[in-house]
Every structure is written in structure tokens, then in C-alpha cells.
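Raw final_36.pdb, PDB, C-alpha atoms:
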```
ATOM      1  CA  MET A   1     -18.540   6.249   9.433  1.00  0.00           C
ATOM      2  CA  ASN A   2     -17.281   6.523   5.888  1.00  0.00           C
ATOM      3  CA  ASN A   3     -17.160   3.426   3.669  1.00  0.00           C
ATOM      4  CA  ILE A   4     -13.462   3.846   2.858  1.00  0.00           C
ATOM      5  CA  ILE A   5     -10.450   3.732   5.151  1.00  0.00           C
ATOM      6  CA  LEU A   6      -6.771   4.461   4.633  1.00  0.00           C
ATOM      7  CA  ILE A   7      -4.469   1.917   6.268  1.00  0.00           C
ATOM      8  CA  ILE A   8      -1.140   3.489   7.191  1.00  0.00           C
ATOM      9  CA  PRO A   9       1.512   0.944   8.269  1.00  0.00           C
ATOM     10  CA  SER A  10       4.248   2.790  10.141  1.00  0.00           C
ATOM     11  CA  TYR A  11       7.525   1.553  11.526  1.00  0.00           C
ATOM     12  CA  ASN A  12       9.991   4.370  12.230  1.00  0.00           C
ATOM     13  CA  GLU A  13       8.143   7.332  10.754  1.00  0.00           C
ATOM     14  CA  ALA A  14       8.513   9.909  13.531  1.00  0.00           C
ATOM     15  CA  GLU A  15       9.769  12.460  11.002  1.00  0.00           C
ATOM     16  CA  ASN A  16       6.762  11.970   8.711  1.00  0.00           C
ATOM     17  CA  ILE A  17       3.685  10.605  10.460  1.00  0.00           C
ATOM     18  CA  GLU A  18       2.440  13.880  11.924  1.00  0.00           C
ATOM     19  CA  ARG A  19       2.582  15.639   8.564  1.00  0.00           C
ATOM     20  CA  VAL A  20       0.872  12.717   6.792  1.00  0.00           C
ATOM     21  CA  VAL A  21      -2.013  12.271   9.227  1.00  0.00           C
ATOM     22  CA  ASP A  22      -2.591  15.975   9.881  1.00  0.00           C
ATOM     23  CA  GLU A  23      -2.973  16.532   6.125  1.00  0.00           C
ATOM     24  CA  LEU A  24      -5.602  13.801   5.993  1.00  0.00           C
ATOM     25  CA  ILE A  25      -7.485  15.191   8.984  1.00  0.00           C
ATOM     26  CA  SER A  26      -7.503  18.782   7.755  1.00  0.00           C
ATOM     27  CA  GLY A  27      -7.724  18.333   4.000  1.00  0.00           C
ATOM     28  CA  TYR A  28      -9.500  15.013   3.468  1.00  0.00           C
ATOM     29  CA  PRO A  29     -11.997  14.466   6.305  1.00  0.00           C
ATOM     30  CA  GLN A  30     -14.131  12.340   3.962  1.00  0.00           C
ATOM     31  CA  PHE A  31     -11.644   9.510   4.418  1.00  0.00           C
ATOM     32  CA  ASP A  32     -11.274   7.503   7.604  1.00  0.00           C
ATOM     33  CA  TYR A  33      -7.799   6.285   8.482  1.00  0.00           C
ATOM     34  CA  VAL A  34      -5.973   3.997  10.867  1.00  0.00           C
ATOM     35  CA  VAL A  35      -2.274   4.122  11.641  1.00  0.00           C
ATOM     36  CA  VAL A  36      -0.750   0.731  12.492  1.00  0.00           C
ATOM     37  CA  THR A  37       2.516   1.226  14.371  1.00  0.00           C
ATOM     38  CA  ASP A  38       4.856  -1.735  13.893  1.00  0.00           C
ATOM     39  CA  GLY A  39       6.827  -1.679  17.137  1.00  0.00           C
ATOM     40  CA  PRO A  40       8.735   1.517  16.257  1.00  0.00           C
ATOM     41  CA  THR A  41      11.899   2.529  18.093  1.00  0.00           C
ATOM     42  CA  ASP A  42      11.947   6.227  17.168  1.00  0.00           C
ATOM     43  CA  GLY A  43       8.865   7.483  19.000  1.00  0.00           C
ATOM     44  CA  THR A  44       6.301   7.104  16.203  1.00  0.00           C
ATOM     45  CA  ASP A  45       3.847   5.471  18.607  1.00  0.00           C
ATOM     46  CA  GLU A  46       4.312   8.243  21.203  1.00  0.00           C
ATOM     47  CA  ILE A  47       3.481  10.848  18.553  1.00  0.00           C
ATOM     48  CA  CYS A  48       0.316   8.965  17.634  1.00  0.00           C
ATOM     49  CA  ARG A  49      -0.767   8.786  21.269  1.00  0.00           C
ATOM     50  CA  LYS A  50      -0.003  12.434  21.931  1.00  0.00           C
ATOM     51  CA  ARG A  51      -1.835  13.594  18.822  1.00  0.00           C
ATOM     52  CA  GLY A  52      -4.812  11.298  19.456  1.00  0.00           C
ATOM     53  CA  TYR A  53      -4.601   9.604  16.083  1.00  0.00           C
ATOM     54  CA  ASN A  54      -6.746   6.558  15.371  1.00  0.00           C
ATOM     55  CA  THR A  55      -4.054   3.927  15.873  1.00  0.00           C
ATOM     56  CA  VAL A  56      -3.521   0.200  16.293  1.00  0.00           C
ATOM     57  CA  PHE A  57      -0.362  -0.260  18.348  1.00  0.00           C
ATOM     58  CA  LEU A  58       1.605  -3.465  17.724  1.00  0.00           C
ATOM     59  CA  PRO A  59       3.871  -4.333  20.682  1.00  0.00           C
ATOM     60  CA  GLU A  60       6.813  -5.430  18.542  1.00  0.00           C
ATOM     61  CA  ASN A  61       8.121  -5.177  15.004  1.00  0.00           C
ATOM     62  CA  MET A  62       6.223  -7.744  12.937  1.00  0.00           C
ATOM     63  CA  GLY A  63       7.113  -6.602   9.418  1.00  0.00           C
ATOM     64  CA  LEU A  64       5.035  -4.893   6.752  1.00  0.00           C
ATOM     65  CA  THR A  65       2.872  -7.889   5.860  1.00  0.00           C
ATOM     66  CA  LYS A  66       1.604  -8.606   9.376  1.00  0.00           C
ATOM     67  CA  CYS A  67       1.368  -4.901  10.100  1.00  0.00           C
ATOM     68  CA  PHE A  68      -0.837  -4.349   7.052  1.00  0.00           C
ATOM     69  CA  ARG A  69      -2.961  -7.413   7.823  1.00  0.00           C
ATOM     70  CA  ASN A  70      -3.713  -5.939  11.236  1.00  0.00           C
ATOM     71  CA  GLY A  71      -4.965  -2.838   9.453  1.00  0.00           C
ATOM     72  CA  MET A  72      -7.109  -4.960   7.160  1.00  0.00           C
ATOM     73  CA  LYS A  73      -8.535  -6.792  10.166  1.00  0.00           C
ATOM     74  CA  TYR A  74      -9.524  -3.415  11.578  1.00  0.00           C
ATOM     75  CA  ALA A  75     -11.169  -2.512   8.260  1.00  0.00           C
ATOM     76  CA  TYR A  76     -12.955  -5.877   8.104  1.00  0.00           C
ATOM     77  CA  GLU A  77     -14.213  -5.773  11.676  1.00  0.00           C
ATOM     78  CA  ASN A  78     -15.501  -2.230  11.240  1.00  0.00           C
ATOM     79  CA  GLY A  79     -17.379  -2.974   8.041  1.00  0.00           C
ATOM     80  CA  TYR A  80     -15.523  -0.833   5.507  1.00  0.00           C
ATOM     81  CA  GLU A  81     -16.283  -1.375   1.819  1.00  0.00           C
ATOM     82  CA  TYR A  82     -12.890  -0.162   0.614  1.00  0.00           C
ATOM     83  CA  ALA A  83      -9.398   0.008   2.085  1.00  0.00           C
ATOM     84  CA  VAL A  84      -6.442   1.941   0.708  1.00  0.00           C
ATOM     85  CA  GLN A  85      -2.822   0.959   1.278  1.00  0.00           C
ATOM     86  CA  PHE A  86      -1.207   4.282   2.186  1.00  0.00           C
ATOM     87  CA  ASP A  87       2.406   4.774   3.240  1.00  0.00           C
ATOM     88  CA  GLY A  88       3.341   6.693   6.375  1.00  0.00           C
ATOM     89  CA  ASP A  89       6.348   8.339   4.739  1.00  0.00           C
ATOM     90  CA  GLY A  90       4.371  10.949   2.827  1.00  0.00           C
ATOM     91  CA  GLN A  91       5.036   9.595  -0.660  1.00  0.00           C
ATOM     92  CA  HIS A  92       1.474   8.478  -1.375  1.00  0.00           C
ATOM     93  CA  ARG A  93      -0.900  11.326  -2.151  1.00  0.00           C
ATOM     94  CA  PRO A  94      -4.505  11.496  -0.913  1.00  0.00           C
ATOM     95  CA  GLU A  95      -5.784  13.529  -3.877  1.00  0.00           C
ATOM     96  CA  TYR A  96      -5.875  10.363  -6.001  1.00  0.00           C
ATOM     97  CA  ILE A  97      -8.085   8.350  -3.674  1.00  0.00           C
ATOM     98  CA  ASP A  98     -11.349   9.684  -5.093  1.00  0.00           C
ATOM     99  CA  SER A  99     -10.406   8.526  -8.604  1.00  0.00           C
ATOM    100  CA  MET A 100      -9.375   5.129  -7.216  1.00  0.00           C
ATOM    101  CA  LYS A 101     -12.683   4.776  -5.403  1.00  0.00           C
ATOM    102  CA  LYS A 102     -14.685   5.814  -8.477  1.00  0.00           C
ATOM    103  CA  LYS A 103     -12.878   3.162 -10.503  1.00  0.00           C
ATOM    104  CA  ALA A 104     -13.606   0.530  -7.830  1.00  0.00           C
ATOM    105  CA  GLU A 105     -17.278   1.478  -7.911  1.00  0.00           C
ATOM    106  CA  GLU A 106     -17.311   0.400 -11.556  1.00  0.00           C
ATOM    107  CA  GLY A 107     -16.837  -3.158 -10.308  1.00  0.00           C
ATOM    108  CA  TYR A 108     -13.097  -3.534  -9.787  1.00  0.00           C
ATOM    109  CA  ASP A 109     -11.774  -5.335  -6.708  1.00  0.00           C
ATOM    110  CA  LEU A 110      -8.205  -4.043  -6.931  1.00  0.00           C
ATOM    111  CA  VAL A 111      -7.270  -0.564  -8.123  1.00  0.00           C
ATOM    112  CA  GLN A 112      -3.600   0.336  -8.235  1.00  0.00           C
ATOM    113  CA  GLY A 113      -1.969   3.703  -8.704  1.00  0.00           C
ATOM    114  CA  SER A 114       0.457   3.935 -11.606  1.00  0.00           C
ATOM    115  CA  ARG A 115       3.239   6.455 -12.065  1.00  0.00           C
ATOM    116  CA  PHE A 116       3.536   5.453 -15.722  1.00  0.00           C
ATOM    117  CA  LEU A 117       0.069   6.341 -16.969  1.00  0.00           C
ATOM    118  CA  SER A 118      -0.743   9.727 -18.486  1.00  0.00           C
ATOM    119  CA  ASN A 119      -0.439  12.543 -15.950  1.00  0.00           C
ATOM    120  CA  GLY A 120       1.663  10.296 -13.742  1.00  0.00           C
ATOM    121  CA  SER A 121       5.357  10.563 -12.961  1.00  0.00           C
ATOM    122  CA  ALA A 122       8.049   7.939 -12.740  1.00  0.00           C
ATOM    123  CA  ARG A 123      11.152   9.372 -11.181  1.00  0.00           C
ATOM    124  CA  MET A 124      12.990   6.202 -10.147  1.00  0.00           C
ATOM    125  CA  SER A 125      16.611   5.327  -9.654  1.00  0.00           C
ATOM    126  CA  GLY A 126      18.145   3.135 -12.329  1.00  0.00           C
ATOM    127  CA  MET A 127      17.995   0.008 -10.171  1.00  0.00           C
ATOM    128  CA  ARG A 128      14.403   0.536  -9.099  1.00  0.00           C
ATOM    129  CA  SER A 129      13.329   1.293 -12.641  1.00  0.00           C
ATOM    130  CA  PHE A 130      15.075  -1.841 -13.901  1.00  0.00           C
ATOM    131  CA  GLY A 131      13.466  -3.941 -11.158  1.00  0.00           C
ATOM    132  CA  SER A 132      10.042  -2.520 -11.924  1.00  0.00           C
ATOM    133  CA  VAL A 133      10.413  -3.401 -15.608  1.00  0.00           C
ATOM    134  CA  LEU A 134      11.457  -6.948 -14.690  1.00  0.00           C
ATOM    135  CA  ILE A 135       8.486  -7.434 -12.381  1.00  0.00           C
ATOM    136  CA  ARG A 136       6.122  -5.919 -14.936  1.00  0.00           C
ATOM    137  CA  THR A 137       7.399  -8.306 -17.603  1.00  0.00           C
ATOM    138  CA  VAL A 138       7.127 -11.385 -15.411  1.00  0.00           C
ATOM    139  CA  VAL A 139       3.622 -10.450 -14.245  1.00  0.00           C
ATOM    140  CA  LYS A 140       2.518 -10.101 -17.865  1.00  0.00           C
ATOM    141  CA  LEU A 141       4.015 -13.483 -18.779  1.00  0.00           C
ATOM    142  CA  LYS A 142       2.448 -15.256 -15.801  1.00  0.00           C
ATOM    143  CA  THR A 143      -0.980 -13.621 -15.784  1.00  0.00           C
ATOM    144  CA  GLY A 144      -1.549 -12.140 -19.234  1.00  0.00           C
ATOM    145  CA  VAL A 145      -2.393  -8.803 -17.602  1.00  0.00           C
ATOM    146  CA  ARG A 146      -0.404  -5.638 -18.210  1.00  0.00           C
ATOM    147  CA  VAL A 147       0.457  -3.988 -14.892  1.00  0.00           C
ATOM    148  CA  THR A 148       2.223  -0.756 -15.715  1.00  0.00           C
ATOM    149  CA  ASP A 149       3.604   0.018 -12.236  1.00  0.00           C
ATOM    150  CA  PRO A 150       3.699  -3.147 -10.098  1.00  0.00           C
ATOM    151  CA  THR A 151       5.871  -1.646  -7.351  1.00  0.00           C
ATOM    152  CA  CYS A 152       3.578   1.298  -6.652  1.00  0.00           C
ATOM    153  CA  GLY A 153       2.173   0.597  -3.204  1.00  0.00           C
ATOM    154  CA  GLN A 154      -0.853   2.872  -3.365  1.00  0.00           C
ATOM    155  CA  ARG A 155      -3.603   0.299  -3.856  1.00  0.00           C
ATOM    156  CA  LEU A 156      -7.322   0.205  -3.150  1.00  0.00           C
ATOM    157  CA  TYR A 157      -9.001  -3.071  -2.155  1.00  0.00           C
ATOM    158  CA  SER A 158     -12.673  -4.026  -2.245  1.00  0.00           C
ATOM    159  CA  ARG A 159     -14.574  -5.558   0.652  1.00  0.00           C
ATOM    160  CA  LYS A 160     -13.961  -9.003  -0.842  1.00  0.00           C
ATOM    161  CA  LEU A 161     -10.191  -8.488  -0.703  1.00  0.00           C
ATOM    162  CA  ILE A 162     -10.352  -6.880   2.737  1.00  0.00           C
ATOM    163  CA  ASP A 163     -11.890 -10.156   3.891  1.00  0.00           C
ATOM    164  CA  ASP A 164      -9.111 -12.178   2.224  1.00  0.00           C
ATOM    165  CA  PHE A 165      -6.300 -10.092   3.700  1.00  0.00           C
ATOM    166  CA  ALA A 166      -7.865 -10.045   7.145  1.00  0.00           C
ATOM    167  CA  ASN A 167      -8.576 -13.757   7.377  1.00  0.00           C
ATOM    168  CA  LYS A 168      -6.020 -15.563   5.205  1.00  0.00           C
ATOM    169  CA  ASP A 169      -2.270 -15.740   5.734  1.00  0.00           C
ATOM    170  CA  GLU A 170      -1.382 -16.017   2.034  1.00  0.00           C
ATOM    171  CA  PHE A 171      -1.893 -12.347   1.181  1.00  0.00           C
ATOM    172  CA  ALA A 172       0.697  -9.563   1.451  1.00  0.00           C
ATOM    173  CA  PRO A 173       0.742  -5.910   0.344  1.00  0.00           C
ATOM    174  CA  GLU A 174       3.306  -6.683  -2.370  1.00  0.00           C
ATOM    175  CA  PRO A 175       3.475  -7.113  -6.180  1.00  0.00           C
ATOM    176  CA  ASP A 176       3.550 -10.917  -5.955  1.00  0.00           C
ATOM    177  CA  THR A 177       0.145 -10.879  -4.270  1.00  0.00           C
ATOM    178  CA  VAL A 178      -1.140  -8.653  -7.077  1.00  0.00           C
ATOM    179  CA  ALA A 179       0.076 -11.325  -9.530  1.00  0.00           C
ATOM    180  CA  LYS A 180      -1.581 -14.056  -7.468  1.00  0.00           C
ATOM    181  CA  LEU A 181      -4.881 -12.195  -7.461  1.00  0.00           C
ATOM    182  CA  LEU A 182      -4.699 -11.608 -11.196  1.00  0.00           C
ATOM    183  CA  LYS A 183      -4.198 -15.340 -11.760  1.00  0.00           C
ATOM    184  CA  ARG A 184      -7.412 -15.898  -9.824  1.00  0.00           C
ATOM    185  CA  GLY A 185      -9.328 -13.518 -12.052  1.00  0.00           C
ATOM    186  CA  VAL A 186      -9.689 -10.556  -9.720  1.00  0.00           C
ATOM    187  CA  ARG A 187     -10.960  -7.510 -11.588  1.00  0.00           C
ATOM    188  CA  TYR A 188      -8.027  -5.097 -11.772  1.00  0.00           C
ATOM    189  CA  ALA A 189      -7.685  -1.488 -12.867  1.00  0.00           C
ATOM    190  CA  GLU A 190      -5.161   1.327 -12.657  1.00  0.00           C
ATOM    191  CA  VAL A 191      -5.394   5.085 -12.228  1.00  0.00           C
ATOM    192  CA  PRO A 192      -2.617   7.634 -12.800  1.00  0.00           C
ATOM    193  CA  VAL A 193      -0.870   8.953  -9.693  1.00  0.00           C
ATOM    194  CA  ARG A 194       2.147  10.964  -8.746  1.00  0.00           C
ATOM    195  CA  VAL A 195       4.254  10.261  -5.699  1.00  0.00           C
ATOM    196  CA  ALA A 196       6.037  12.760  -3.474  1.00  0.00           C
ATOM    197  CA  GLU A 197       9.653  12.570  -2.427  1.00  0.00           C
ATOM    198  CA  ARG A 198      10.328  11.271   1.067  1.00  0.00           C
ATOM    199  CA  GLU A 199      11.077  14.320   3.235  1.00  0.00           C
ATOM    200  CA  GLY A 200      12.379  12.590   6.349  1.00  0.00           C
ATOM    201  CA  GLY A 201      13.579   9.258   7.722  1.00  0.00           C
ATOM    202  CA  GLU A 202      15.200   6.480   5.732  1.00  0.00           C
ATOM    203  CA  SER A 203      13.716   4.130   3.176  1.00  0.00           C
ATOM    204  CA  TYR A 204      14.050   0.397   3.791  1.00  0.00           C
ATOM    205  CA  LEU A 205      14.920  -0.147   0.143  1.00  0.00           C
ATOM    206  CA  LYS A 206      18.591   0.734   0.177  1.00  0.00           C
ATOM    207  CA  PRO A 207      20.565  -0.774  -2.746  1.00  0.00           C
ATOM    208  CA  LEU A 208      21.285  -4.192  -1.193  1.00  0.00           C
ATOM    209  CA  ASN A 209      17.810  -4.510   0.281  1.00  0.00           C
ATOM    210  CA  ALA A 210      16.330  -3.434  -3.050  1.00  0.00           C
ATOM    211  CA  VAL A 211      18.149  -6.252  -4.860  1.00  0.00           C
ATOM    212  CA  LYS A 212      16.984  -8.792  -2.265  1.00  0.00           C
ATOM    213  CA  TYR A 213      13.440  -7.455  -2.473  1.00  0.00           C
ATOM    214  CA  MET A 214      13.303  -7.678  -6.247  1.00  0.00           C
ATOM    215  CA  TRP A 215      14.677 -11.226  -6.216  1.00  0.00           C
ATOM    216  CA  ARG A 216      12.174 -12.331  -3.569  1.00  0.00           C
ATOM    217  CA  ILE A 217       9.231 -10.834  -5.445  1.00  0.00           C
ATOM    218  CA  LEU A 218      10.315 -12.208  -8.823  1.00  0.00           C
ATOM    219  CA  SER A 219      10.881 -15.687  -7.382  1.00  0.00           C
ATOM    220  CA  SER A 220       7.471 -15.654  -5.746  1.00  0.00           C
ATOM    221  CA  ILE A 221       5.704 -14.613  -8.947  1.00  0.00           C
ATOM    222  CA  ILE A 222       7.547 -17.200 -11.063  1.00  0.00           C
ATOM    223  CA  PHE A 223       7.458 -20.211  -8.793  1.00  0.00           C
ATOM    224  CA  LYS A 224       4.289 -19.866  -6.710  1.00  0.00           C
TER     225      LYS A 224
END
```

Whole structure given in C-alpha cells:
Amino acid sequence: MNNIILIIPSYNEAENIERVVDELISGYPQFDYVVVTDGPTDGTDEICRKRGYNTVFLPENMGLTKCFRNGMKYAYENGYEYAVQFDGDGQHRPEYIDSMKKKAEEGYDLVQGSRFLSNGSARMSGMRSFGSVLIRTVVKLKTGVRVTDPTCGQRLYSRKLIDDFANKDEFAPEPDTVAKLLKRGVRYAEVPVRVAEREGGESYLKPLNAVKYMWRILSSIIFK
């Protein structure tokens, strides 16, 4: 068993999951992975069964937070030293995981990918870019730490944080949890990444949902 695992929360990713996991299996066998299907309605779970992917099947839609926690419980119970939050839509890229792991081995508990560092890319819509700047500003004001790309979901967690996510209900795979961890003095670092364009399916963050998401995250960072 490797000491690092990619946790892939997947709701309705039938158009993407096969491409994502097959790339990991063929091109990055040094990384273990687990797909966590969140009660999908489009056949994502059937694809995982048919292809024999390492999968935790949730019987109903529980939302990203509980879905990801189930993945972290798997990582905790199986003794992994590092866990990577890795989207099932194909936007996160596996070629950056080695640099994230190397950074973690320097003593960092949380390593986040950033599209705004050198060699990164930041092709965002106007609303998403504006929201990211707002969150970045608030995180800096509340924690004193500069987080260049708070909404990038490609994050690596140490064993200590795997334990926290697996066994405590207060943690979520979101920017407000990053802010909470920074307030507690967790050692944090960033590495440059690029993200791919979604090739299939629909993103949850449509304009109205994006506004609601940004407001929820900002409120949590400010008031909690």
C-alpha cells in the first residue's frame, strides 16, 4: 500500500469518472485512490462497479462534506499518511501531486494548489474571480495568512488532518475550514497548479449557486 491516497467525491460524474480514474490507474499507479459515490442518479456508481474501481458507495446523496468525510474515514482506517482532495470532474490534475507531497514532507499539514502562483493559471469567470478575491481578502484579515487561491479544491492533508476530518464533524473540504485551520496554527503551504476545463456534465456552481456559495463561505469565515 502506498502512503498517499486520492479521495474522489463523485455525485453525477458519469461523463467524467471513467476518464479520471483510468488516467490515474494507467499513468499514476504510485497513488492509491478511492472514489466515493454520493448517491448518484446518472449511473456513476454502475460505472464504478463495472470497471472494478476502488469505491465507497453511499446509498443516498449526502452532500460534498459528508461524502468527503467518508473518504477521509477510509484513509484514516487504512493508515494513509497523506490524503488528496481530488475532483471527479477531471479538472484537478495528478501531475501536481508529487510536488504537493514533497512540500508536505517538509513538515506542512495542509498543502493547497494555487492557480495564481508562477506557472499556474487562473482562467475564471468574472464572478468566480471576484468571489475568490473576496475570500482571499477575508482569510488574510482573519488569519494573517496569505492564501492566494482559497477556492482551489486540490488540497493535500497530513495524517493529523485526516484524523480530524474522519472523526470530527466540524471539518469540511471548503475554504472556511482552511481559514479555521489557519487560525489554529496549522502549517500551510501552496504549490502552483493548473486546472483542466470540465469536459462533461454540469458544475454545481451555476451563477445563483455560486453567489450563495460565496456568501455562505464568507459568513462562516467572518463569524465563526

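Separating CA of Asn16 (chain A) from CA of Leu161 (chain A) is a distance of 28.2 Å.
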
- Using the chain letters and residue numbers of this document, give as an MDAnalysis selection string the residues selected by the PyMOL selection byres ((chain A and resi 82) around 9). chainID A and resid 3:6 75 80:81 83:84 101 104 156:159 161:162

- Task: Run the PyMOL selection byres ((chain A and resi 20) around 12) against the file shown and list the residues it catches, as a ChimeraX atom specification.
- Result: /A:6,8-10,13-19,21-28,33-35,48,53,86-94,196,198-200

- Message: With all atoms listed in the file as the counted atoms, please give the residues lying no more than 8 Å from Val191 (chain A), apart from itself and same-chain residues fewer than 4 positions off, as a list in words.
- Response: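 Here the qualifying residues turn out to be Ser99, Met100, Lys103, Val111, Gln112, Gly113, Ser114 and Leu117 of chain A.
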
Selection to disk with C-alpha atoms, as an mmCIF file, in the coordinates of the input:
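In the end it all went to result.cif:
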```cif
data_model
loop_
_atom_site.group_PDB
_atom_site.id
_atom_site.type_symbol
_atom_site.label_atom_id
_atom_site.label_comp_id
_atom_site.auth_asym_id
_atom_site.auth_seq_id
_atom_site.Cartn_x
_atom_site.Cartn_y
_atom_site.Cartn_z
ATOM 1 C CA SER A 99 -10.406 8.526 -8.604
ATOM 2 C CA MET A 100 -9.375 5.129 -7.216
ATOM 3 C CA LYS A 103 -12.878 3.162 -10.503
ATOM 4 C CA VAL A 111 -7.270 -0.564 -8.123
ATOM 5 C CA GLN A 112 -3.600 0.336 -8.235
ATOM 6 C CA GLY A 113 -1.969 3.703 -8.704
ATOM 7 C CA SER A 114 0.457 3.935 -11.606
ATOM 8 C CA LEU A 117 0.069 6.341 -16.969
#
```

- From the list A:Ile47, A:Ile97, A:Leu110, A:Leu134, which residue is nearest Trp215 (chain A) when using all atoms listed in the file?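 Using all atoms listed in the file, Trp215 (chain A) sits closest to A:Leu134.
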
- Item | Top pick for closest residue to Leu64 (chain A), considering A:Ser219, A:Thr143, A:Thr41, A:Asn12 and counting all atoms listed in the file |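 The answer is A:Asn12, which sits nearest to Leu64 (chain A).
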
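Put simply, the PyMOL selection byres ((chain A and resi 147) around 9) in this file takes in Gln112, Ser114, Arg136, Thr137, Val139, Lys140, Val145, Arg146, Thr148, Asp149, Pro150, Ala189 and Glu190 of chain A.
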
Could those residues be written to a file, using C-alpha atoms, as a PDB file, keeping the file's coordinate frame?
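So the final result, stored in part.pdb, reads:
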```pdb
ATOM      1  CA  GLN A 112      -3.600   0.336  -8.235  1.00  0.00           C
ATOM      2  CA  SER A 114       0.457   3.935 -11.606  1.00  0.00           C
ATOM      3  CA  ARG A 136       6.122  -5.919 -14.936  1.00  0.00           C
ATOM      4  CA  THR A 137       7.399  -8.306 -17.603  1.00  0.00           C
ATOM      5  CA  VAL A 139       3.622 -10.450 -14.245  1.00  0.00           C
ATOM      6  CA  LYS A 140       2.518 -10.101 -17.865  1.00  0.00           C
ATOM      7  CA  VAL A 145      -2.393  -8.803 -17.602  1.00  0.00           C
ATOM      8  CA  ARG A 146      -0.404  -5.638 -18.210  1.00  0.00           C
ATOM      9  CA  THR A 148       2.223  -0.756 -15.715  1.00  0.00           C
ATOM     10  CA  ASP A 149       3.604   0.018 -12.236  1.00  0.00           C
ATOM     11  CA  PRO A 150       3.699  -3.147 -10.098  1.00  0.00           C
ATOM     12  CA  ALA A 189      -7.685  -1.488 -12.867  1.00  0.00           C
ATOM     13  CA  GLU A 190      -5.161   1.327 -12.657  1.00  0.00           C
TER      14      GLU A 190
END
```

- Atomic separation - CA of Ala166 (chain A) relative to CA of Lys73 (chain A), Å: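 A separation of 4.5 Å between them.
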
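With CA of Thr151 (chain A) on one side and CA of Asp98 (chain A) on the other, the separation reads 20.7 Å.
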
- Message: Report as JSON, numbers by chain all protein, DNA and RNA residues lying within 10 Å of Cys67 (chain A), evaluated on only C-alpha atoms, omitting residues in the same chain fewer than 4 positions from it.
- Response: {"A": [7, 8, 9, 10, 11, 35, 36, 37, 38, 39, 56, 57, 58, 61, 62, 63, 71, 72, 172, 173]}

Starting from the incomplete input, reconstruct N, CA and C atoms of region 159-179 of chain A and report them as an mmCIF file, keeping the file's coordinate frame.
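Saved the output as part-v3.cif:
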```cif
data_model
loop_
_atom_site.group_PDB
_atom_site.id
_atom_site.type_symbol
_atom_site.label_atom_id
_atom_site.label_comp_id
_atom_site.auth_asym_id
_atom_site.auth_seq_id
_atom_site.Cartn_x
_atom_site.Cartn_y
_atom_site.Cartn_z
ATOM 1 N N ARG A 159 -14.181 -4.820 -0.555
ATOM 2 C CA ARG A 159 -14.574 -5.558 0.652
ATOM 3 C C ARG A 159 -14.178 -7.035 0.548
ATOM 4 N N LYS A 160 -14.329 -7.600 -0.633
ATOM 5 C CA LYS A 160 -13.961 -9.003 -0.842
ATOM 6 C C LYS A 160 -12.483 -9.229 -0.517
ATOM 7 N N LEU A 161 -11.618 -8.332 -0.962
ATOM 8 C CA LEU A 161 -10.191 -8.488 -0.703
ATOM 9 C C LEU A 161 -9.823 -8.104 0.728
ATOM 10 N N ILE A 162 -10.569 -7.178 1.308
ATOM 11 C CA ILE A 162 -10.352 -6.880 2.737
ATOM 12 C C ILE A 162 -10.553 -8.156 3.548
ATOM 13 N N ASP A 163 -11.601 -8.878 3.231
ATOM 14 C CA ASP A 163 -11.890 -10.156 3.891
ATOM 15 C C ASP A 163 -10.725 -11.124 3.715
ATOM 16 N N ASP A 164 -10.221 -11.254 2.490
ATOM 17 C CA ASP A 164 -9.111 -12.178 2.224
ATOM 18 C C ASP A 164 -7.862 -11.800 3.010
ATOM 19 N N PHE A 165 -7.498 -10.531 2.985
ATOM 20 C CA PHE A 165 -6.300 -10.092 3.700
ATOM 21 C C PHE A 165 -6.448 -10.253 5.209
ATOM 22 N N ALA A 166 -7.636 -9.989 5.703
ATOM 23 C CA ALA A 166 -7.865 -10.045 7.145
ATOM 24 C C ALA A 166 -7.879 -11.468 7.682
ATOM 25 N N ASN A 167 -8.306 -12.419 6.857
ATOM 26 C CA ASN A 167 -8.576 -13.757 7.377
ATOM 27 C C ASN A 167 -7.766 -14.879 6.750
ATOM 28 N N LYS A 168 -6.856 -14.542 5.829
ATOM 29 C CA LYS A 168 -6.020 -15.563 5.205
ATOM 30 C C LYS A 168 -4.559 -15.127 5.265
ATOM 31 N N ASP A 169 -3.679 -16.066 5.568
ATOM 32 C CA ASP A 169 -2.270 -15.740 5.734
ATOM 33 C C ASP A 169 -1.494 -15.634 4.428
ATOM 34 N N GLU A 170 -2.119 -15.957 3.304
ATOM 35 C CA GLU A 170 -1.382 -16.017 2.034
ATOM 36 C C GLU A 170 -1.235 -14.669 1.345
ATOM 37 N N PHE A 171 -1.885 -13.631 1.866
ATOM 38 C CA PHE A 171 -1.893 -12.347 1.181
ATOM 39 C C PHE A 171 -0.935 -11.355 1.832
ATOM 40 N N ALA A 172 -0.251 -10.574 0.993
ATOM 41 C CA ALA A 172 0.697 -9.563 1.451
ATOM 42 C C ALA A 172 0.535 -8.311 0.598
ATOM 43 N N PRO A 173 0.891 -7.152 1.114
ATOM 44 C CA PRO A 173 0.742 -5.910 0.344
ATOM 45 C C PRO A 173 1.909 -5.696 -0.610
ATOM 46 N N GLU A 174 2.132 -6.672 -1.500
ATOM 47 C CA GLU A 174 3.306 -6.683 -2.370
ATOM 48 C C GLU A 174 2.915 -7.064 -3.803
ATOM 49 N N PRO A 175 3.797 -6.813 -4.780
ATOM 50 C CA PRO A 175 3.475 -7.113 -6.180
ATOM 51 C C PRO A 175 3.191 -8.582 -6.451
ATOM 52 N N ASP A 176 3.809 -9.504 -5.690
ATOM 53 C CA ASP A 176 3.550 -10.917 -5.955
ATOM 54 C C ASP A 176 2.113 -11.296 -5.594
ATOM 55 N N THR A 177 1.551 -10.633 -4.582
ATOM 56 C CA THR A 177 0.145 -10.879 -4.270
ATOM 57 C C THR A 177 -0.755 -10.323 -5.363
ATOM 58 N N VAL A 178 -0.383 -9.178 -5.936
ATOM 59 C CA VAL A 178 -1.140 -8.653 -7.077
ATOM 60 C C VAL A 178 -1.159 -9.687 -8.198
ATOM 61 N N ALA A 179 0.009 -10.285 -8.492
ATOM 62 C CA ALA A 179 0.076 -11.325 -9.530
ATOM 63 C C ALA A 179 -0.797 -12.521 -9.169
#
```
